[in-house]
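Reproduced below: query_13.pdb, with PDB, C-alpha atoms and all ligand atoms.
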```pdb
MODEL        1
ATOM      1  CA  MET A 500     154.383 216.607-120.534
ATOM      2  CA  LYS A 501     152.747 217.611-123.763
ATOM      3  CA  LEU A 502     149.286 218.545-124.962
ATOM      4  CA  ILE A 503     148.360 216.844-128.211
ATOM      5  CA  CYS A 504     145.445 218.560-129.895
ATOM      6  CA  ILE A 505     143.153 217.337-132.651
ATOM      7  CA  GLY A 506     141.550 219.732-135.120
ATOM      8  CA  ARG A 507     138.508 219.214-137.340
ATOM      9  CA  ASN A 508     137.120 216.174-135.553
ATOM     10  CA  TYR A 509     133.428 217.140-135.691
ATOM     11  CA  THR A 510     131.628 217.621-139.008
ATOM     12  CA  GLU A 511     129.462 220.555-137.882
ATOM     13  CA  HIS A 512     132.531 222.469-136.687
ATOM     14  CA  ILE A 513     134.361 221.820-139.987
ATOM     15  CA  LYS A 514     131.365 223.336-141.778
ATOM     16  CA  GLU A 515     131.140 226.430-139.592
ATOM     17  CA  LEU A 516     134.764 227.347-140.335
ATOM     18  CA  GLU A 517     134.382 226.289-143.999
ATOM     19  CA  ASN A 518     137.325 223.940-143.662
ATOM     20  CA  GLU A 519     137.994 220.894-145.781
ATOM     21  CA  ARG A 520     137.087 217.561-144.270
ATOM     22  CA  PRO A 521     140.475 215.982-143.510
ATOM     23  CA  THR A 522     141.454 212.512-144.668
ATOM     24  CA  ASP A 523     143.676 212.144-141.575
ATOM     25  CA  PRO A 524     143.277 213.808-138.174
ATOM     26  CA  VAL A 525     144.694 217.334-137.955
ATOM     27  CA  VAL A 526     147.258 217.338-135.124
ATOM     28  CA  PHE A 527     149.085 220.122-133.324
ATOM     29  CA  LEU A 528     150.811 220.511-129.957
ATOM     30  CA  LYS A 529     150.638 223.007-127.139
ATOM     31  CA  PRO A 530     153.493 223.405-124.651
ATOM     32  CA  ASP A 531     152.985 223.045-120.900
ATOM     33  CA  THR A 532     153.310 226.840-120.559
ATOM     34  CA  SER A 533     149.967 227.179-122.358
ATOM     35  CA  ILE A 534     148.119 225.595-119.435
ATOM     36  CA  LEU A 535     145.957 228.134-117.620
ATOM     37  CA  LEU A 536     146.832 227.917-113.947
ATOM     38  CA  LYS A 537     144.098 226.748-111.582
ATOM     39  CA  LYS A 538     141.678 229.436-110.417
ATOM     40  CA  GLN A 539     143.290 232.047-112.675
ATOM     41  CA  PRO A 540     141.280 234.148-115.124
ATOM     42  CA  PHE A 541     141.963 233.905-118.840
ATOM     43  CA  PHE A 542     143.476 237.155-120.131
ATOM     44  CA  ILE A 543     142.734 237.947-123.772
ATOM     45  CA  PRO A 544     146.203 238.455-125.316
ATOM     46  CA  ASP A 545     146.936 241.840-126.861
ATOM     47  CA  PHE A 546     147.881 240.299-130.229
ATOM     48  CA  SER A 547     144.351 239.143-130.992
ATOM     49  CA  ASP A 548     140.926 240.767-131.392
ATOM     50  CA  ASP A 549     139.134 237.495-131.949
ATOM     51  CA  VAL A 550     139.914 234.783-129.393
ATOM     52  CA  HIS A 551     137.490 231.867-129.639
ATOM     53  CA  HIS A 552     136.484 229.244-127.108
ATOM     54  CA  GLU A 553     136.675 225.612-128.250
ATOM     55  CA  VAL A 554     135.378 223.191-125.632
ATOM     56  CA  GLU A 555     136.889 219.716-125.910
ATOM     57  CA  ILE A 556     136.903 216.346-124.192
ATOM     58  CA  LEU A 557     140.338 215.563-122.741
ATOM     59  CA  ILE A 558     142.103 212.247-122.270
ATOM     60  CA  LYS A 559     144.924 211.828-119.764
ATOM     61  CA  ILE A 560     147.540 209.233-120.711
ATOM     62  CA  ASN A 561     148.537 206.926-117.843
ATOM     63  CA  LYS A 562     151.153 204.711-119.468
ATOM     64  CA  VAL A 563     154.105 205.114-121.831
ATOM     65  CA  GLY A 564     153.350 203.865-125.306
ATOM     66  CA  LYS A 565     154.186 204.067-128.983
ATOM     67  CA  TYR A 566     152.423 202.470-131.951
ATOM     68  CA  ILE A 567     149.432 201.660-129.771
ATOM     69  CA  SER A 568     146.766 199.796-131.704
ATOM     70  CA  LYS A 569     143.228 201.029-131.182
ATOM     71  CA  LYS A 570     142.297 197.621-129.796
ATOM     72  CA  PHE A 571     144.556 198.251-126.769
ATOM     73  CA  ALA A 572     144.186 202.035-126.570
ATOM     74  CA  TYR A 573     141.712 201.824-123.665
ATOM     75  CA  LYS A 574     144.578 200.602-121.461
ATOM     76  CA  TYR A 575     146.422 203.896-121.881
ATOM     77  CA  TYR A 576     143.959 206.209-120.138
ATOM     78  CA  ASP A 577     141.722 205.983-117.132
ATOM     79  CA  GLU A 578     140.634 209.594-116.712
ATOM     80  CA  ILE A 579     138.448 211.826-118.854
ATOM     81  CA  GLY A 580     138.300 215.595-118.579
ATOM     82  CA  LEU A 581     137.021 218.710-120.250
ATOM     83  CA  GLY A 582     138.922 221.797-121.322
ATOM     84  CA  ILE A 583     139.134 224.721-123.691
ATOM     85  CA  ASP A 584     141.453 225.093-126.646
ATOM     86  CA  PHE A 585     141.528 228.906-126.801
ATOM     87  CA  THR A 586     142.312 230.026-130.330
ATOM     88  CA  ALA A 587     143.280 233.452-131.654
ATOM     89  CA  ARG A 588     141.117 232.997-134.748
ATOM     90  CA  ASP A 589     142.279 236.156-136.523
ATOM     91  CA  LEU A 590     145.911 235.127-136.188
ATOM     92  CA  GLN A 591     145.147 231.509-137.079
ATOM     93  CA  SER A 592     143.382 232.617-140.275
ATOM     94  CA  GLN A 593     146.415 234.674-141.314
ATOM     95  CA  LEU A 594     148.756 231.757-140.601
ATOM     96  CA  LYS A 595     146.505 229.256-142.390
ATOM     97  CA  ALA A 596     146.326 231.498-145.463
ATOM     98  CA  LYS A 597     150.115 231.487-145.639
ATOM     99  CA  GLY A 598     150.421 227.778-144.879
ATOM    100  CA  LEU A 599     152.319 228.535-141.682
ATOM    101  CA  PRO A 600     152.169 226.628-138.364
ATOM    102  CA  TRP A 601     149.369 227.562-135.938
ATOM    103  CA  GLU A 602     151.346 227.750-132.699
ATOM    104  CA  LYS A 603     151.176 231.508-132.229
ATOM    105  CA  ALA A 604     147.373 231.273-132.457
ATOM    106  CA  LYS A 605     146.939 228.167-130.301
ATOM    107  CA  ALA A 606     149.897 227.639-127.990
ATOM    108  CA  PHE A 607     150.211 230.987-126.225
ATOM    109  CA  ASP A 608     150.221 231.280-122.440
ATOM    110  CA  GLY A 609     146.830 230.436-120.963
ATOM    111  CA  ALA A 610     145.450 228.951-124.182
ATOM    112  CA  ALA A 611     144.800 225.531-122.632
ATOM    113  CA  VAL A 612     142.144 225.186-119.956
ATOM    114  CA  ILE A 613     142.214 221.838-118.186
ATOM    115  CA  GLY A 614     139.295 221.159-115.866
ATOM    116  CA  LYS A 615     138.887 218.421-113.310
ATOM    117  CA  TRP A 616     139.196 214.740-114.121
ATOM    118  CA  LEU A 617     136.645 211.955-113.854
ATOM    119  CA  PRO A 618     137.449 208.235-113.729
ATOM    120  CA  LYS A 619     136.820 206.551-117.068
ATOM    121  CA  ASN A 620     134.901 203.901-115.149
ATOM    122  CA  ASN A 621     132.197 206.503-114.416
ATOM    123  CA  PHE A 622     131.173 206.211-118.046
ATOM    124  CA  THR A 623     129.365 203.247-119.512
ATOM    125  CA  ASP A 624     130.551 204.240-122.992
ATOM    126  CA  VAL A 625     133.334 206.761-123.695
ATOM    127  CA  ASN A 626     131.923 207.089-127.205
ATOM    128  CA  ASN A 627     128.675 208.505-125.833
ATOM    129  CA  ILE A 628     129.627 211.383-123.540
ATOM    130  CA  ASN A 629     127.576 214.575-123.557
ATOM    131  CA  PHE A 630     129.383 217.822-122.859
ATOM    132  CA  THR A 631     128.519 221.502-123.010
ATOM    133  CA  LEU A 632     130.030 224.938-122.654
ATOM    134  CA  GLN A 633     128.025 227.739-121.099
ATOM    135  CA  LYS A 634     128.943 231.368-121.659
ATOM    136  CA  ASN A 635     127.313 233.659-119.130
ATOM    137  CA  ASP A 636     124.831 230.866-118.275
ATOM    138  CA  GLU A 637     123.800 230.292-121.871
ATOM    139  CA  VAL A 638     124.752 227.060-123.661
ATOM    140  CA  VAL A 639     126.981 227.991-126.610
ATOM    141  CA  GLN A 640     128.526 224.620-127.479
ATOM    142  CA  SER A 641     127.239 221.139-126.952
ATOM    143  CA  GLY A 642     128.674 217.912-128.227
ATOM    144  CA  ASN A 643     128.711 214.178-127.842
ATOM    145  CA  THR A 644     131.778 212.025-128.380
ATOM    146  CA  GLN A 645     129.808 209.756-130.713
ATOM    147  CA  LEU A 646     129.941 212.616-133.254
ATOM    148  CA  MET A 647     133.739 212.509-133.450
ATOM    149  CA  LEU A 648     135.117 211.611-136.889
ATOM    150  CA  TRP A 649     137.936 209.777-135.106
ATOM    151  CA  LYS A 650     136.972 208.238-131.778
ATOM    152  CA  ILE A 651     139.194 208.338-128.696
ATOM    153  CA  ASP A 652     140.849 204.969-129.278
ATOM    154  CA  GLU A 653     141.480 205.766-132.943
ATOM    155  CA  LEU A 654     143.081 209.079-131.954
ATOM    156  CA  ILE A 655     145.432 207.299-129.544
ATOM    157  CA  GLU A 656     146.411 204.871-132.293
ATOM    158  CA  TYR A 657     146.980 207.707-134.742
ATOM    159  CA  VAL A 658     148.951 210.151-132.592
ATOM    160  CA  SER A 659     151.100 207.404-131.036
ATOM    161  CA  LYS A 660     152.481 206.620-134.482
ATOM    162  CA  TYR A 661     154.150 210.013-134.429
ATOM    163  CA  PHE A 662     154.714 210.771-130.739
ATOM    164  CA  THR A 663     155.622 208.523-127.847
ATOM    165  CA  LEU A 664     152.848 209.010-125.327
ATOM    166  CA  LYS A 665     154.065 209.568-121.794
ATOM    167  CA  ILE A 666     152.354 209.494-118.419
ATOM    168  CA  GLY A 667     150.493 212.763-117.895
ATOM    169  CA  ASP A 668     150.263 213.728-121.556
ATOM    170  CA  ILE A 669     146.842 215.082-122.455
ATOM    171  CA  ILE A 670     144.932 214.718-125.708
ATOM    172  CA  PHE A 671     142.477 217.479-126.695
ATOM    173  CA  THR A 672     140.025 215.606-128.899
ATOM    174  CA  GLY A 673     138.591 218.460-130.988
ATOM    175  CA  THR A 674     135.678 220.825-130.667
ATOM    176  CA  PRO A 675     132.057 220.534-131.770
ATOM    177  CA  ALA A 676     130.213 223.405-133.478
ATOM    178  CA  GLY A 677     129.416 226.663-131.739
ATOM    179  CA  VAL A 678     132.879 228.164-131.313
ATOM    180  CA  GLY A 679     132.763 231.891-130.752
ATOM    181  CA  LYS A 680     134.499 235.001-129.569
ATOM    182  CA  VAL A 681     135.113 235.662-125.890
ATOM    183  CA  PHE A 682     134.894 239.092-124.305
ATOM    184  CA  ALA A 683     136.233 240.554-121.086
ATOM    185  CA  ASN A 684     133.981 239.642-118.148
ATOM    186  CA  ASP A 685     132.583 236.510-119.798
ATOM    187  CA  GLN A 686     132.171 233.540-117.493
ATOM    188  CA  LEU A 687     132.797 230.171-119.165
ATOM    189  CA  LYS A 688     131.593 226.969-117.522
ATOM    190  CA  GLY A 689     132.139 223.504-118.893
ATOM    191  CA  TYR A 690     130.018 220.472-118.116
ATOM    192  CA  ILE A 691     130.190 216.755-118.734
ATOM    193  CA  GLY A 692     126.584 215.719-118.333
ATOM    194  CA  ASP A 693     125.428 217.727-115.292
ATOM    195  CA  GLU A 694     128.852 217.857-113.678
ATOM    196  CA  GLU A 695     130.693 221.177-113.684
ATOM    197  CA  MET A 696     134.263 220.565-114.884
ATOM    198  CA  PHE A 697     135.625 224.125-114.910
ATOM    199  CA  SER A 698     134.577 227.720-114.458
ATOM    200  CA  ILE A 699     136.745 230.460-115.994
ATOM    201  CA  LYS A 700     136.515 234.224-115.919
ATOM    202  CA  VAL A 701     137.700 236.108-119.018
ATOM    203  CA  LYS A 702     139.625 239.374-118.555
TER     204      LYS A 702
HETATM  205 ZN    ZN B   1     140.478 222.740-130.836
ENDMDL
END
```

Just dump the structure as structure tokens.
Amino acid sequence: MKLICIGRNYTEHIKELENERPTDPVVFLKPDTSILLKKQPFFIPDFSDDVHHEVEILIKINKVGKYISKKFAYKYYDEIGLGIDFTARDLQSQLKAKGLPWEKAKAFDGAAVIGKWLPKNNFTDVNNINFTLQKNDEVVQSGNTQLMLWKIDELIEYVSKYFTLKIGDIIFTGTPAGVGKVFANDQLKGYIGDEEMFSIKVK
């Protein structure tokens, strides 16, 4: 399985990193080895002094598909989750400056937190889902899927032009504003609405 990640999908986050607003979605992949194992802490890697949390809504693909039109995209997922796209921001900035790929900054072991899954049918509108990240019981990121530049179904249409989507693949849909550095002993908790989706200790 693969993790397909979207960058720069929320205007306020584009502004905080002073990035250009993209004309197409920014797409990158993480390997399955980047998935943080259940109940394990996240260890800050020794090659970075500035690892950021990016909380993101996740979509789990339930059917094989390619060139999926957005009109039919809803048929390709029936679970919604929440996760973190951990990013070694210092390393990413160096790579970006040189025009190099981001993998070392985004795809390292443990860099993908995947919380629990909720049935899509729990939601009256997938384009109006509130989610938050708390760091040490303080809300540091909050978003709503209606603020996405490309909505879930548009993302499925877009990424499936390039990659065949397979059962179990997961799409990270981008982070809202409020990304920030994590420190040893931080506790990160993600919520969709009032429901706790994950709780991670940083070491
Ligand atoms: Zn991200």

Shell around Phe607 in chain A at 9 Å using all atoms listed in the file, local window under 5 positions removed, as a list of chain:residue names: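 Surrounding residues, per the criterion: A:Lys529, A:Pro530, A:Thr532, A:Ser533, A:Ile534, A:Pro544, A:Phe585, A:Thr586, A:Glu602.
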
Residues selected by the PyMOL selection byres (((chain A and resi 573-580) around 7) and not hetatm), written as number ranges by chain: A: 556-562, 571-572, 581-582, 614-619, 652

Show me, as JSON lines, the residues of range 611-676 of chain A having an atom within 12 Å of range 505-518 of chain A, each with the closest atom pair and its distance in Å, using only C-alpha atoms.
```
{"residue": "A:Gln640", "atom": "CA", "partner": "A:His512", "partner_atom": "CA", "distance": 10.3}
{"residue": "A:Ser641", "atom": "CA", "partner": "A:His512", "partner_atom": "CA", "distance": 11.2}
{"residue": "A:Gly642", "atom": "CA", "partner": "A:Tyr509", "partner_atom": "CA", "distance": 8.9}
{"residue": "A:Asn643", "atom": "CA", "partner": "A:Tyr509", "partner_atom": "CA", "distance": 9.6}
{"residue": "A:Thr644", "atom": "CA", "partner": "A:Tyr509", "partner_atom": "CA", "distance": 9.1}
{"residue": "A:Gln645", "atom": "CA", "partner": "A:Tyr509", "partner_atom": "CA", "distance": 9.6}
{"residue": "A:Leu646", "atom": "CA", "partner": "A:Tyr509", "partner_atom": "CA", "distance": 6.2}
{"residue": "A:Met647", "atom": "CA", "partner": "A:Tyr509", "partner_atom": "CA", "distance": 5.2}
{"residue": "A:Leu648", "atom": "CA", "partner": "A:Asn508", "partner_atom": "CA", "distance": 5.2}
{"residue": "A:Trp649", "atom": "CA", "partner": "A:Asn508", "partner_atom": "CA", "distance": 6.5}
{"residue": "A:Lys650", "atom": "CA", "partner": "A:Asn508", "partner_atom": "CA", "distance": 8.8}
{"residue": "A:Ile651", "atom": "CA", "partner": "A:Ile505", "partner_atom": "CA", "distance": 10.6}
{"residue": "A:Glu653", "atom": "CA", "partner": "A:Asn508", "partner_atom": "CA", "distance": 11.6}
{"residue": "A:Leu654", "atom": "CA", "partner": "A:Ile505", "partner_atom": "CA", "distance": 8.3}
{"residue": "A:Ile655", "atom": "CA", "partner": "A:Ile505", "partner_atom": "CA", "distance": 10.8}
{"residue": "A:Tyr657", "atom": "CA", "partner": "A:Ile505", "partner_atom": "CA", "distance": 10.6}
{"residue": "A:Val658", "atom": "CA", "partner": "A:Ile505", "partner_atom": "CA", "distance": 9.2}
{"residue": "A:Ile669", "atom": "CA", "partner": "A:Ile505", "partner_atom": "CA", "distance": 11.1}
{"residue": "A:Ile670", "atom": "CA", "partner": "A:Ile505", "partner_atom": "CA", "distance": 7.6}
{"residue": "A:Phe671", "atom": "CA", "partner": "A:Ile505", "partner_atom": "CA", "distance": 6.0}
{"residue": "A:Thr672", "atom": "CA", "partner": "A:Ile505", "partner_atom": "CA", "distance": 5.2}
{"residue": "A:Gly673", "atom": "CA", "partner": "A:Ile505", "partner_atom": "CA", "distance": 5.0}
{"residue": "A:Thr674", "atom": "CA", "partner": "A:Tyr509", "partner_atom": "CA", "distance": 6.6}
{"residue": "A:Pro675", "atom": "CA", "partner": "A:His512", "partner_atom": "CA", "distance": 5.3}
{"residue": "A:Ala676", "atom": "CA", "partner": "A:His512", "partner_atom": "CA", "distance": 4.1}
```

Residue nearest ligand ZN 1 (chain B) among A:His552, A:Lys565, A:Lys501, A:Lys537 (counting all atoms listed in the file): A:His552

For ligand ZN 1 (chain B), the nearest of the candidates A:Val612, A:Val638, A:Ile699, A:Met500, counting all atoms listed in the file: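 Closest to ligand ZN 1 (chain B) of all the choices is A:Val612.
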
Point-to-point distance from CA of Asn621 in chain A to CA of Asp668 in chain A, Å rounded to tenths: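 Spanning CA of Asn621 in chain A to CA of Asp668 in chain A is a straight-line distance of 20.7 Å.
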
Please write out, as AutoDock Vina command-line options, where the centre of an axis-aligned box around all listed atoms of range 655-663 of chain A lies and how long its edges are, in Å to one decimal, after adding 8 Å on each side.
```
--center_x 150.5 --center_y 207.8 --center_z -131.3 --size_x 26.2 --size_y 21.9 --size_z 22.9
```

9 Å contact set for Lys700 in chain A, all atoms listed in the file, chain neighbours under 3 positions out, as a ChimeraX atom specification: /A:538-542,683-688

Closest of A:Lys634, A:Lys569, A:Lys660, A:Lys680 to Ser547 in chain A - atom-to-atom distances counting only C-alpha atoms: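 Of A:Lys634, A:Lys569, A:Lys660, A:Lys680, the one nearest Ser547 in chain A, counting only C-alpha atoms, is A:Lys680.
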
Best match for closeness to ligand ZN 1 (chain B) among A:Gly677, A:Gly692, A:Thr522, A:Gly667, counting all atoms listed in the file: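 Of A:Gly677, A:Gly692, A:Thr522, A:Gly667, the one nearest ligand ZN 1 (chain B) is A:Gly677, counting all atoms listed in the file.
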
Nearest candidate to ligand ZN 1 (chain B) (options A:Thr663, A:Ser568, A:Gln591, A:Ser698; using all atoms listed in the file):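 That would be A:Gln591, the residue with the smallest distance to ligand ZN 1 (chain B).
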
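One distance worth recording is that between CA of Lys605 in chain A and CA of Glu553 in chain A, which is 10.8 Å.
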
Point-to-point distance in Å for CA of Asp548 in chain A and CA of Gln633 in chain A: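 One can read the CA of Gln633 in chain A to CA of Asp548 in chain A distance as 21.0 Å.
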
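Selection result for the displayed file, with the PyMOL selection byres (((chain A and resi 693) around 12) and not hetatm) as criterion, is Ile628, Asn629, Phe630, Thr631, Leu632, Gln633, Lys688, Gly689, Tyr690, Ile691, Gly692, Glu694, Glu695 and Met696 of chain A.
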
Top pick for closest residue to Val526 in chain A, considering A:Asp608, A:Phe697, A:Val625, A:Phe662 and counting all atoms listed in the file: A:Phe662
